[in-house]
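Next comes coords-v5.tsv, with TSV, N, CA and C atoms.
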chain	number	residue	atom	x	y	z
B	1	MET	N	-20.49	-27.50	-45.62
B	1	MET	CA	-21.41	-28.45	-46.18
B	1	MET	C	-21.86	-29.40	-45.09
B	2	ASP	N	-23.12	-29.70	-45.10
B	2	ASP	CA	-23.66	-30.65	-44.13
B	2	ASP	C	-24.46	-31.70	-44.91
B	3	PHE	N	-23.94	-32.91	-44.93
B	3	PHE	CA	-24.61	-34.00	-45.64
B	3	PHE	C	-25.68	-34.67	-44.78
B	4	GLY	N	-25.80	-34.26	-43.51
B	4	GLY	CA	-26.79	-34.86	-42.62
B	4	GLY	C	-26.31	-36.18	-42.06
B	5	ALA	N	-27.24	-36.89	-41.43
B	5	ALA	CA	-26.91	-38.13	-40.72
B	5	ALA	C	-26.47	-39.24	-41.65
B	6	ASN	N	-26.85	-39.19	-42.92
B	6	ASN	CA	-26.48	-40.27	-43.85
B	6	ASN	C	-25.03	-40.22	-44.30
B	7	GLY	N	-24.37	-39.11	-44.08
B	7	GLY	CA	-22.97	-39.00	-44.45
B	7	GLY	C	-22.76	-38.47	-45.85
B	8	ALA	N	-21.50	-38.20	-46.11
B	8	ALA	CA	-21.10	-37.53	-47.35
B	8	ALA	C	-21.37	-38.38	-48.58
B	9	GLY	N	-21.71	-37.68	-49.63
B	9	GLY	CA	-21.90	-38.29	-50.94
B	9	GLY	C	-21.07	-37.54	-51.96
B	10	ASP	N	-21.70	-36.58	-52.65
B	10	ASP	CA	-20.99	-35.85	-53.70
B	10	ASP	C	-21.61	-34.47	-53.88
B	11	ILE	N	-20.86	-33.59	-54.53
B	11	ILE	CA	-21.34	-32.28	-54.95
B	11	ILE	C	-20.98	-32.15	-56.41
B	12	THR	N	-21.95	-31.79	-57.23
B	12	THR	CA	-21.68	-31.65	-58.66
B	12	THR	C	-22.35	-30.39	-59.21
B	13	PHE	N	-21.68	-29.75	-60.15
B	13	PHE	CA	-22.31	-28.63	-60.86
B	13	PHE	C	-23.44	-29.19	-61.72
B	14	ASN	N	-24.51	-28.42	-61.82
B	14	ASN	CA	-25.66	-28.83	-62.64
B	14	ASN	C	-25.34	-28.63	-64.12
B	15	ALA	N	-26.20	-29.15	-64.97
B	15	ALA	CA	-26.00	-29.11	-66.41
B	15	ALA	C	-25.73	-27.70	-66.91
B	16	ALA	N	-24.97	-27.62	-67.99
B	16	ALA	CA	-24.57	-26.33	-68.56
B	16	ALA	C	-25.77	-25.44	-68.84
B	17	GLY	N	-26.89	-26.00	-69.29
B	17	GLY	CA	-28.07	-25.22	-69.63
B	17	GLY	C	-28.74	-24.56	-68.44
B	18	THR	N	-28.37	-24.95	-67.22
B	18	THR	CA	-28.97	-24.36	-66.03
B	18	THR	C	-28.10	-23.27	-65.41
B	19	GLN	N	-26.96	-23.01	-66.00
B	19	GLN	CA	-26.04	-22.00	-65.47
B	19	GLN	C	-26.47	-20.61	-65.95
B	20	PRO	N	-25.89	-19.53	-65.37
B	20	PRO	CA	-26.36	-18.16	-65.68
B	20	PRO	C	-26.34	-17.83	-67.18
B	21	GLY	N	-27.45	-17.29	-67.65
B	21	GLY	CA	-27.56	-16.88	-69.05
B	21	GLY	C	-27.38	-15.37	-69.17
B	22	GLY	N	-27.28	-14.91	-70.41
B	22	GLY	CA	-27.18	-13.47	-70.65
B	22	GLY	C	-25.84	-12.88	-70.28
B	23	ILE	N	-24.83	-13.69	-70.07
B	23	ILE	CA	-23.50	-13.21	-69.69
B	23	ILE	C	-22.65	-13.17	-70.96
B	24	SER	N	-21.83	-12.11	-71.08
B	24	SER	CA	-20.98	-12.00	-72.27
B	24	SER	C	-19.58	-11.53	-71.90
B	25	SER	N	-18.69	-11.74	-72.84
B	25	SER	CA	-17.30	-11.28	-72.71
B	25	SER	C	-16.92	-10.65	-74.05
B	26	GLY	N	-16.63	-9.35	-74.02
B	26	GLY	CA	-16.32	-8.66	-75.27
B	26	GLY	C	-17.47	-8.71	-76.26
B	27	GLY	N	-18.70	-8.78	-75.73
B	27	GLY	CA	-19.87	-8.82	-76.59
B	27	GLY	C	-20.24	-10.21	-77.10
B	28	VAL	N	-19.46	-11.23	-76.76
B	28	VAL	CA	-19.71	-12.59	-77.21
B	28	VAL	C	-20.32	-13.38	-76.04
B	29	GLY	N	-21.41	-14.09	-76.31
B	29	GLY	CA	-22.10	-14.84	-75.26
B	29	GLY	C	-21.23	-15.92	-74.63
B	30	VAL	N	-21.32	-16.02	-73.30
B	30	VAL	CA	-20.56	-17.04	-72.56
B	30	VAL	C	-21.35	-18.35	-72.58
B	31	GLN	N	-20.64	-19.43	-72.86
B	31	GLN	CA	-21.20	-20.78	-72.84
B	31	GLN	C	-20.53	-21.57	-71.70
B	32	TYR	N	-21.11	-22.71	-71.35
B	32	TYR	CA	-20.58	-23.50	-70.24
B	32	TYR	C	-20.33	-24.93	-70.67
B	33	TRP	N	-19.30	-25.52	-70.08
B	33	TRP	CA	-19.01	-26.94	-70.22
B	33	TRP	C	-18.84	-27.50	-68.82
B	34	ILE	N	-19.46	-28.65	-68.56
B	34	ILE	CA	-19.35	-29.32	-67.27
B	34	ILE	C	-18.66	-30.66	-67.50
B	35	SER	N	-17.68	-30.97	-66.67
B	35	SER	CA	-16.96	-32.25	-66.80
B	35	SER	C	-17.91	-33.41	-66.54
B	36	GLU	N	-17.51	-34.60	-66.99
B	36	GLU	CA	-18.34	-35.79	-66.84
B	36	GLU	C	-18.64	-36.09	-65.37
B	37	ASP	N	-17.68	-35.85	-64.47
B	37	ASP	CA	-17.91	-36.11	-63.04
B	37	ASP	C	-18.64	-34.96	-62.35
B	38	GLY	N	-18.85	-33.84	-63.06
B	38	GLY	CA	-19.58	-32.70	-62.51
B	38	GLY	C	-18.78	-31.81	-61.59
B	39	HIS	N	-17.51	-32.07	-61.42
B	39	HIS	CA	-16.68	-31.30	-60.48
B	39	HIS	C	-16.02	-30.08	-61.11
B	40	SER	N	-16.03	-29.98	-62.43
B	40	SER	CA	-15.40	-28.84	-63.10
B	40	SER	C	-16.39	-28.16	-64.03
B	41	LEU	N	-16.38	-26.84	-63.99
B	41	LEU	CA	-17.21	-26.01	-64.87
B	41	LEU	C	-16.26	-25.06	-65.60
B	42	VAL	N	-16.40	-24.96	-66.90
B	42	VAL	CA	-15.61	-24.04	-67.70
B	42	VAL	C	-16.58	-23.10	-68.41
B	43	ALA	N	-16.39	-21.79	-68.21
B	43	ALA	CA	-17.16	-20.77	-68.93
B	43	ALA	C	-16.26	-20.26	-70.05
B	44	TYR	N	-16.78	-20.23	-71.26
B	44	TYR	CA	-15.95	-19.88	-72.41
B	44	TYR	C	-16.77	-19.14	-73.46
B	45	THR	N	-16.05	-18.48	-74.36
B	45	THR	CA	-16.68	-17.88	-75.54
B	45	THR	C	-16.14	-18.60	-76.76
B	46	GLU	N	-16.94	-18.61	-77.81
B	46	GLU	CA	-16.52	-19.27	-79.03
B	46	GLU	C	-17.01	-18.47	-80.23
B	47	THR	N	-16.09	-18.22	-81.16
B	47	THR	CA	-16.43	-17.59	-82.42
B	47	THR	C	-15.98	-18.53	-83.53
B	48	GLU	N	-16.21	-18.14	-84.77
B	48	GLU	CA	-15.74	-18.97	-85.90
B	48	GLU	C	-14.24	-19.16	-85.86
B	49	ASP	N	-13.51	-18.16	-85.37
B	49	ASP	CA	-12.06	-18.18	-85.43
B	49	ASP	C	-11.37	-18.70	-84.17
B	50	SER	N	-12.05	-18.63	-83.02
B	50	SER	CA	-11.33	-18.99	-81.79
B	50	SER	C	-12.30	-19.31	-80.66
B	51	ALA	N	-11.71	-19.87	-79.62
B	51	ALA	CA	-12.43	-20.10	-78.36
B	51	ALA	C	-11.53	-19.58	-77.25
B	52	GLU	N	-12.16	-19.02	-76.20
B	52	GLU	CA	-11.39	-18.47	-75.09
B	52	GLU	C	-12.05	-18.85	-73.77
B	53	ILE	N	-11.26	-19.37	-72.85
B	53	ILE	CA	-11.76	-19.67	-71.52
B	53	ILE	C	-11.88	-18.35	-70.76
B	54	ILE	N	-13.04	-18.09	-70.18
B	54	ILE	CA	-13.28	-16.86	-69.43
B	54	ILE	C	-13.08	-17.10	-67.94
B	55	PHE	N	-13.69	-18.15	-67.39
B	55	PHE	CA	-13.41	-18.52	-66.01
B	55	PHE	C	-13.67	-20.01	-65.81
B	56	THR	N	-13.09	-20.55	-64.75
B	56	THR	CA	-13.32	-21.93	-64.38
B	56	THR	C	-13.74	-21.99	-62.92
B	57	ALA	N	-14.51	-23.00	-62.58
B	57	ALA	CA	-14.87	-23.28	-61.20
B	57	ALA	C	-14.68	-24.78	-61.01
B	58	GLN	N	-14.06	-25.15	-59.91
B	58	GLN	CA	-13.78	-26.56	-59.66
B	58	GLN	C	-14.11	-26.90	-58.21
B	59	ILE	N	-14.85	-27.98	-58.02
B	59	ILE	CA	-15.09	-28.51	-56.68
B	59	ILE	C	-13.86	-29.37	-56.37
B	60	THR	N	-13.02	-28.89	-55.47
B	60	THR	CA	-11.76	-29.57	-55.20
B	60	THR	C	-11.86	-30.61	-54.09
B	61	ASP	N	-12.87	-30.50	-53.25
B	61	ASP	CA	-13.09	-31.49	-52.19
B	61	ASP	C	-14.59	-31.59	-51.93
B	62	ALA	N	-15.20	-32.63	-52.48
B	62	ALA	CA	-16.65	-32.80	-52.35
B	62	ALA	C	-17.07	-33.10	-50.92
B	63	LEU	N	-16.18	-33.58	-50.08
B	63	LEU	CA	-16.53	-33.88	-48.69
B	63	LEU	C	-16.68	-32.61	-47.85
B	64	THR	N	-15.89	-31.58	-48.18
B	64	THR	CA	-15.93	-30.33	-47.40
B	64	THR	C	-16.60	-29.19	-48.14
B	65	GLY	N	-16.82	-29.35	-49.45
B	65	GLY	CA	-17.39	-28.28	-50.25
B	65	GLY	C	-16.36	-27.27	-50.71
B	66	GLU	N	-15.08	-27.61	-50.56
B	66	GLU	CA	-14.01	-26.70	-50.98
B	66	GLU	C	-14.04	-26.55	-52.51
B	67	PHE	N	-13.81	-25.32	-52.97
B	67	PHE	CA	-13.84	-25.05	-54.40
B	67	PHE	C	-12.74	-24.06	-54.77
B	68	LEU	N	-12.49	-23.94	-56.07
B	68	LEU	CA	-11.51	-23.02	-56.60
B	68	LEU	C	-12.11	-22.36	-57.84
B	69	VAL	N	-12.03	-21.03	-57.91
B	69	VAL	CA	-12.52	-20.28	-59.07
B	69	VAL	C	-11.36	-19.47	-59.61
B	70	ALA	N	-11.19	-19.47	-60.94
B	70	ALA	CA	-10.14	-18.68	-61.58
B	70	ALA	C	-10.75	-17.89	-62.74
B	71	LEU	N	-10.46	-16.59	-62.78
B	71	LEU	CA	-10.95	-15.71	-63.83
B	71	LEU	C	-9.81	-15.47	-64.82
B	72	TYR	N	-10.03	-15.82	-66.09
B	72	TYR	CA	-8.99	-15.71	-67.11
B	72	TYR	C	-9.27	-14.60	-68.13
B	73	GLY	N	-10.53	-14.22	-68.29
B	73	GLY	CA	-10.88	-13.22	-69.29
B	73	GLY	C	-11.89	-12.25	-68.71
B	74	GLN	N	-12.22	-11.24	-69.50
B	74	GLN	CA	-13.14	-10.20	-69.03
B	74	GLN	C	-14.59	-10.69	-69.09
B	75	LEU	N	-15.39	-10.15	-68.21
B	75	LEU	CA	-16.83	-10.33	-68.26
B	75	LEU	C	-17.46	-8.95	-68.42
B	76	ASP	N	-18.40	-8.83	-69.35
B	76	ASP	CA	-19.07	-7.55	-69.57
B	76	ASP	C	-20.01	-7.27	-68.41
B	77	HIS	N	-19.91	-6.05	-67.87
B	77	HIS	CA	-20.81	-5.62	-66.80
B	77	HIS	C	-21.94	-4.82	-67.42
B	78	PRO	N	-23.14	-4.91	-66.82
B	78	PRO	CA	-24.31	-4.29	-67.44
B	78	PRO	C	-24.22	-2.77	-67.59
B	79	ASP	N	-23.63	-2.09	-66.62
B	79	ASP	CA	-23.55	-0.63	-66.67
B	79	ASP	C	-22.11	-0.23	-66.93
B	80	THR	N	-21.84	0.22	-68.16
B	80	THR	CA	-20.46	0.57	-68.53
B	80	THR	C	-20.06	1.97	-68.07
B	81	THR	N	-21.00	2.72	-67.46
B	81	THR	CA	-20.69	4.09	-67.05
B	81	THR	C	-20.25	4.18	-65.60
B	82	THR	N	-20.27	3.06	-64.89
B	82	THR	CA	-19.92	3.09	-63.47
B	82	THR	C	-19.24	1.78	-63.08
B	83	GLU	N	-18.54	1.82	-61.96
B	83	GLU	CA	-17.97	0.58	-61.43
B	83	GLU	C	-19.08	-0.16	-60.69
B	84	ASP	N	-19.33	-1.39	-61.10
B	84	ASP	CA	-20.36	-2.19	-60.47
B	84	ASP	C	-19.88	-3.63	-60.33
B	85	ASN	N	-20.63	-4.42	-59.61
B	85	ASN	CA	-20.30	-5.83	-59.45
B	85	ASN	C	-21.26	-6.67	-60.26
B	86	LEU	N	-20.76	-7.79	-60.74
B	86	LEU	CA	-21.56	-8.75	-61.49
B	86	LEU	C	-21.71	-9.98	-60.60
B	87	ILE	N	-22.95	-10.37	-60.33
B	87	ILE	CA	-23.24	-11.52	-59.48
B	87	ILE	C	-23.61	-12.70	-60.37
B	88	LEU	N	-22.90	-13.80	-60.23
B	88	LEU	CA	-23.21	-15.02	-60.98
B	88	LEU	C	-23.48	-16.15	-59.98
B	89	ASP	N	-24.59	-16.83	-60.13
B	89	ASP	CA	-24.93	-17.97	-59.29
B	89	ASP	C	-24.75	-19.25	-60.10
B	90	LEU	N	-23.72	-20.03	-59.75
B	90	LEU	CA	-23.47	-21.31	-60.41
B	90	LEU	C	-24.22	-22.39	-59.63
B	91	SER	N	-25.12	-23.07	-60.30
B	91	SER	CA	-25.97	-24.03	-59.60
B	91	SER	C	-25.27	-25.38	-59.44
B	92	PHE	N	-25.52	-26.01	-58.29
B	92	PHE	CA	-24.96	-27.33	-58.02
B	92	PHE	C	-25.98	-28.17	-57.26
B	93	THR	N	-25.69	-29.46	-57.20
B	93	THR	CA	-26.50	-30.41	-56.44
B	93	THR	C	-25.61	-31.10	-55.44
B	94	ILE	N	-26.07	-31.17	-54.20
B	94	ILE	CA	-25.38	-31.91	-53.15
B	94	ILE	C	-26.18	-33.19	-52.91
B	95	GLN	N	-25.46	-34.29	-52.75
B	95	GLN	CA	-26.10	-35.60	-52.61
B	95	GLN	C	-25.45	-36.33	-51.44
B	96	ASP	N	-26.29	-36.89	-50.54
B	96	ASP	CA	-25.71	-37.64	-49.42
B	96	ASP	C	-25.49	-39.10	-49.82
B	97	SER	N	-25.03	-39.91	-48.88
B	97	SER	CA	-24.62	-41.28	-49.22
B	97	SER	C	-25.77	-42.20	-49.61
B	98	ASP	N	-27.02	-41.84	-49.27
B	98	ASP	CA	-28.14	-42.68	-49.74
B	98	ASP	C	-28.96	-41.97	-50.82
B	99	ASP	N	-28.32	-41.05	-51.51
B	99	ASP	CA	-28.85	-40.40	-52.73
B	99	ASP	C	-29.94	-39.36	-52.51
B	100	ASP	N	-30.12	-38.86	-51.28
B	100	ASP	CA	-30.97	-37.69	-51.09
B	100	ASP	C	-30.24	-36.49	-51.67
B	101	THR	N	-30.96	-35.57	-52.30
B	101	THR	CA	-30.32	-34.43	-52.94
B	101	THR	C	-30.92	-33.10	-52.49
B	102	ALA	N	-30.15	-32.06	-52.64
B	102	ALA	CA	-30.60	-30.69	-52.42
B	102	ALA	C	-29.87	-29.81	-53.42
B	103	GLU	N	-30.51	-28.72	-53.82
B	103	GLU	CA	-29.94	-27.78	-54.78
B	103	GLU	C	-29.27	-26.63	-54.03
B	104	GLY	N	-28.25	-26.06	-54.63
B	104	GLY	CA	-27.57	-24.91	-54.05
B	104	GLY	C	-26.93	-24.07	-55.13
B	105	VAL	N	-26.36	-22.93	-54.75
B	105	VAL	CA	-25.63	-22.08	-55.69
B	105	VAL	C	-24.30	-21.66	-55.08
B	106	LEU	N	-23.31	-21.58	-55.95
B	106	LEU	CA	-22.03	-20.98	-55.61
B	106	LEU	C	-22.10	-19.57	-56.18
B	107	ARG	N	-22.19	-18.56	-55.31
B	107	ARG	CA	-22.37	-17.18	-55.75
B	107	ARG	C	-21.01	-16.53	-55.97
B	108	LEU	N	-20.78	-16.06	-57.20
B	108	LEU	CA	-19.56	-15.32	-57.54
B	108	LEU	C	-19.91	-13.84	-57.58
B	109	ASP	N	-19.13	-13.02	-56.91
B	109	ASP	CA	-19.31	-11.57	-56.88
B	109	ASP	C	-18.09	-10.97	-57.56
B	110	ILE	N	-18.24	-10.59	-58.83
B	110	ILE	CA	-17.12	-10.15	-59.65
B	110	ILE	C	-17.08	-8.63	-59.68
B	111	ASP	N	-16.01	-8.07	-59.14
B	111	ASP	CA	-15.83	-6.63	-59.04
B	111	ASP	C	-15.40	-6.05	-60.39
B	112	ASP	N	-15.97	-4.94	-60.75
B	112	ASP	CA	-15.63	-4.22	-61.97
B	112	ASP	C	-14.64	-3.13	-61.61
B	113	ASP	N	-13.37	-3.38	-61.85
B	113	ASP	CA	-12.37	-2.36	-61.54
B	113	ASP	C	-12.35	-1.29	-62.61
B	114	SER	N	-12.35	-0.05	-62.17
B	114	SER	CA	-12.26	1.08	-63.08
B	114	SER	C	-10.84	1.63	-63.04
B	115	PRO	N	-10.37	2.12	-64.17
B	115	PRO	CA	-9.03	2.71	-64.17
B	115	PRO	C	-8.99	3.96	-63.30
B	116	VAL	N	-7.84	4.24	-62.75
B	116	VAL	CA	-7.65	5.41	-61.90
B	116	VAL	C	-6.54	6.26	-62.51
B	117	VAL	N	-6.80	7.56	-62.65
B	117	VAL	CA	-5.81	8.48	-63.16
B	117	VAL	C	-5.25	9.26	-61.98
B	118	SER	N	-3.94	9.34	-61.93
B	118	SER	CA	-3.31	10.12	-60.87
B	118	SER	C	-2.34	11.10	-61.52
B	119	ASP	N	-1.97	12.14	-60.75
B	119	ASP	CA	-1.02	13.11	-61.26
B	119	ASP	C	0.34	12.44	-61.44
B	120	THR	N	0.84	12.50	-62.64
B	120	THR	CA	2.15	11.91	-62.93
B	120	THR	C	3.05	13.02	-63.45
B	121	VAL	N	4.22	13.12	-62.90
B	121	VAL	CA	5.18	14.12	-63.33
B	121	VAL	C	6.38	13.39	-63.92
B	122	ALA	N	6.74	13.79	-65.12
B	122	ALA	CA	7.90	13.22	-65.76
B	122	ALA	C	8.96	14.30	-65.88
B	123	THR	N	10.18	13.94	-65.60
B	123	THR	CA	11.29	14.89	-65.75
B	123	THR	C	12.30	14.33	-66.71
B	124	VAL	N	12.89	15.21	-67.46
B	124	VAL	CA	13.93	14.83	-68.41
B	124	VAL	C	15.19	15.58	-68.04
B	125	ASP	N	16.27	14.85	-67.92
B	125	ASP	CA	17.58	15.45	-67.67
B	125	ASP	C	18.25	15.64	-69.02
B	126	GLU	N	18.25	16.90	-69.50
B	126	GLU	CA	18.78	17.19	-70.82
B	126	GLU	C	20.29	17.01	-70.91
B	127	ASP	N	20.97	16.96	-69.78
B	127	ASP	CA	22.42	16.74	-69.81
B	127	ASP	C	22.76	15.35	-70.31
B	128	ASP	N	21.82	14.38	-70.16
B	128	ASP	CA	22.07	13.03	-70.59
B	128	ASP	C	21.69	12.79	-72.05
B	129	LEU	N	21.13	13.81	-72.72
B	129	LEU	CA	20.72	13.63	-74.12
B	129	LEU	C	21.86	13.80	-75.09
Would you put the structure from the file into structure tokens?
Amino acid sequence: MDFGANGAGDITFNAAGTQPGGISSGGVGVQYWISEDGHSLVAYTETEDSAEIIFTAQITDALTGEFLVALYGQLDHPDTTTEDNLILDLSFTIQDSDDDTAEGVLRLDIDDDSPVVSDTVATVDEDDL
């Protein structure tokens, strides 16, 4: 992060309505919550019966731009017939010490792991039965 000659200010996630749309988990649309200070973003699903956190993103050091992302639930990938990656751009604003601002994105590249089948051999020792 470079705040320029004016020095460090802050980095905050933009409003929930500006975050990636059309994302789902188990067929349920993902919604976003942003903390009051703008340093935490929670992506979640909500139904009549429950709510589930899908992933979180946190700006842990606004001076350096350090962040932490944790994935807690599944995200639906567009092509279910192949292993693909899902790209999510979380929008943020960087602000220097005299309130100049610039927009940016934290790009998440989420890998779609596919199950792997391998030859498995099981043996039974009938003497122990």
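One distance worth recording is that between atom CA of Tyr44 of chain B and atom CA of Gln95 of chain B, which is 27.2 Å.
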Sel. of strand (DSSP E or B) residues, segment 15-129 of chain B, as number ranges by chain:
B: 24-25, 28-29, 31-34, 40-46, 51-61, 66-71, 85-95, 101-111
Set the distance at 6.5 Å and use all atoms listed in the file: which residues neighbour Val105 of chain B once local chain neighbours fewer than 2 positions away are removed? I'd like the list as a list in words.
Asp89, Leu90, Ser91, Phe92, Glu103 and Arg107 of chain B
Output of the above residues as a PDB file, in the frame of the given file, restricted to N, CA and C atoms:
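again37.pdb was written with the following content:
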ATOM      1  N   ASP B  89     -24.590 -16.830 -60.130  1.00  0.00           N
ATOM      2  CA  ASP B  89     -24.930 -17.970 -59.290  1.00  0.00           C
ATOM      3  C   ASP B  89     -24.750 -19.250 -60.100  1.00  0.00           C
ATOM      4  N   LEU B  90     -23.720 -20.030 -59.750  1.00  0.00           N
ATOM      5  CA  LEU B  90     -23.470 -21.310 -60.410  1.00  0.00           C
ATOM      6  C   LEU B  90     -24.220 -22.390 -59.630  1.00  0.00           C
ATOM      7  N   SER B  91     -25.120 -23.070 -60.300  1.00  0.00           N
ATOM      8  CA  SER B  91     -25.970 -24.030 -59.600  1.00  0.00           C
ATOM      9  C   SER B  91     -25.270 -25.380 -59.440  1.00  0.00           C
ATOM     10  N   PHE B  92     -25.520 -26.010 -58.290  1.00  0.00           N
ATOM     11  CA  PHE B  92     -24.960 -27.330 -58.020  1.00  0.00           C
ATOM     12  C   PHE B  92     -25.980 -28.170 -57.260  1.00  0.00           C
ATOM     13  N   GLU B 103     -30.510 -28.720 -53.820  1.00  0.00           N
ATOM     14  CA  GLU B 103     -29.940 -27.780 -54.780  1.00  0.00           C
ATOM     15  C   GLU B 103     -29.270 -26.630 -54.030  1.00  0.00           C
ATOM     16  N   ARG B 107     -22.190 -18.560 -55.310  1.00  0.00           N
ATOM     17  CA  ARG B 107     -22.370 -17.180 -55.750  1.00  0.00           C
ATOM     18  C   ARG B 107     -21.010 -16.530 -55.970  1.00  0.00           C
TER      19      ARG B 107
END
Tell me which residues come within 6 Å of (-22.4, -37.2, -46.4), as a list in words, counting all atoms listed in the file in the file's coordinates.
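Here the neighbourhood of the point contains Phe3, Gly4, Asn6, Gly7, Ala8, Gly9, Gln95, Asp96 and Ser97 of chain B.
Of note, atom CA of Ser40 of chain B and atom CA of Glu83 of chain B are spaced 29.6 Å apart.
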Polymer residues at most 7 Å from Asp109 of chain B, all atoms listed in the file, same-chain spacing of 4 or more positions, as a PyMOL selection string
chain B and resi 85-88
Would you work out the distance separating atom CA of Gly27 of chain B from atom CA of Leu108 of chain B, expressed in Å to one decimal?
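Going from atom CA of Gly27 of chain B over to atom CA of Leu108 of chain B covers 20.1 Å.
Distance check against Gly38 of chain B using only C-alpha atoms: of B:Leu75, B:Ile110, B:Ile94, B:Leu63, the minimum falls on B:Ile94.
Distance check against Ile54 of chain B using only N, CA and C atoms: of B:Tyr72, B:Phe67, B:Trp33, B:Phe13, the minimum falls on B:Tyr72.
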Within 8 Å of Val30 of chain B, counting all atoms listed in the file, which residues show up once you throw out same-chain ones fewer than 3 positions away? Write them as number ranges by chain, please.
B: 20-25, 27, 33, 42-46, 54
Dump as a PDB file, in the coordinates of the input, selection limited to N, CA and C atoms:
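Once written, out_35.pdb looks like this:
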ATOM      1  N   PRO B  20     -25.890 -19.530 -65.370  1.00  0.00           N
ATOM      2  CA  PRO B  20     -26.360 -18.160 -65.680  1.00  0.00           C
ATOM      3  C   PRO B  20     -26.340 -17.830 -67.180  1.00  0.00           C
ATOM      4  N   GLY B  21     -27.450 -17.290 -67.650  1.00  0.00           N
ATOM      5  CA  GLY B  21     -27.560 -16.880 -69.050  1.00  0.00           C
ATOM      6  C   GLY B  21     -27.380 -15.370 -69.170  1.00  0.00           C
ATOM      7  N   GLY B  22     -27.280 -14.910 -70.410  1.00  0.00           N
ATOM      8  CA  GLY B  22     -27.180 -13.470 -70.650  1.00  0.00           C
ATOM      9  C   GLY B  22     -25.840 -12.880 -70.280  1.00  0.00           C
ATOM     10  N   ILE B  23     -24.830 -13.690 -70.070  1.00  0.00           N
ATOM     11  CA  ILE B  23     -23.500 -13.210 -69.690  1.00  0.00           C
ATOM     12  C   ILE B  23     -22.650 -13.170 -70.960  1.00  0.00           C
ATOM     13  N   SER B  24     -21.830 -12.110 -71.080  1.00  0.00           N
ATOM     14  CA  SER B  24     -20.980 -12.000 -72.270  1.00  0.00           C
ATOM     15  C   SER B  24     -19.580 -11.530 -71.900  1.00  0.00           C
ATOM     16  N   SER B  25     -18.690 -11.740 -72.840  1.00  0.00           N
ATOM     17  CA  SER B  25     -17.300 -11.280 -72.710  1.00  0.00           C
ATOM     18  C   SER B  25     -16.920 -10.650 -74.050  1.00  0.00           C
ATOM     19  N   GLY B  27     -18.700  -8.780 -75.730  1.00  0.00           N
ATOM     20  CA  GLY B  27     -19.870  -8.820 -76.590  1.00  0.00           C
ATOM     21  C   GLY B  27     -20.240 -10.210 -77.100  1.00  0.00           C
ATOM     22  N   TRP B  33     -19.300 -25.520 -70.080  1.00  0.00           N
ATOM     23  CA  TRP B  33     -19.010 -26.940 -70.220  1.00  0.00           C
ATOM     24  C   TRP B  33     -18.840 -27.500 -68.820  1.00  0.00           C
ATOM     25  N   VAL B  42     -16.400 -24.960 -66.900  1.00  0.00           N
ATOM     26  CA  VAL B  42     -15.610 -24.040 -67.700  1.00  0.00           C
ATOM     27  C   VAL B  42     -16.580 -23.100 -68.410  1.00  0.00           C
ATOM     28  N   ALA B  43     -16.390 -21.790 -68.210  1.00  0.00           N
ATOM     29  CA  ALA B  43     -17.160 -20.770 -68.930  1.00  0.00           C
ATOM     30  C   ALA B  43     -16.260 -20.260 -70.050  1.00  0.00           C
ATOM     31  N   TYR B  44     -16.780 -20.230 -71.260  1.00  0.00           N
ATOM     32  CA  TYR B  44     -15.950 -19.880 -72.410  1.00  0.00           C
ATOM     33  C   TYR B  44     -16.770 -19.140 -73.460  1.00  0.00           C
ATOM     34  N   THR B  45     -16.050 -18.480 -74.360  1.00  0.00           N
ATOM     35  CA  THR B  45     -16.680 -17.880 -75.540  1.00  0.00           C
ATOM     36  C   THR B  45     -16.140 -18.600 -76.760  1.00  0.00           C
ATOM     37  N   GLU B  46     -16.940 -18.610 -77.810  1.00  0.00           N
ATOM     38  CA  GLU B  46     -16.520 -19.270 -79.030  1.00  0.00           C
ATOM     39  C   GLU B  46     -17.010 -18.470 -80.230  1.00  0.00           C
ATOM     40  N   ILE B  54     -13.040 -18.090 -70.180  1.00  0.00           N
ATOM     41  CA  ILE B  54     -13.280 -16.860 -69.430  1.00  0.00           C
ATOM     42  C   ILE B  54     -13.080 -17.100 -67.940  1.00  0.00           C
TER      43      ILE B  54
END
Kindly indicate which residue among B:Asp98, B:Gly29, B:Leu106, B:Gly65 lies nearest to Asp2 of chain B, using all atoms listed in the file for the distances.
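Using all atoms listed in the file, the shortest distance to Asp2 of chain B belongs to B:Gly65.
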Apply DSSP to the structure's backbone, then extract all residues of chain B labelled helix (DSSP H, G or I) and return them as JSON, numbers by chain.
{"B": [16, 17, 18, 126, 127, 128]}
Residue nearest Thr81 of chain B among B:Gly104, B:Asp112, B:Gln31, B:Ile53 (counting only C-alpha atoms):
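Answer, going by the shortest atom-to-atom distance: B:Asp112.
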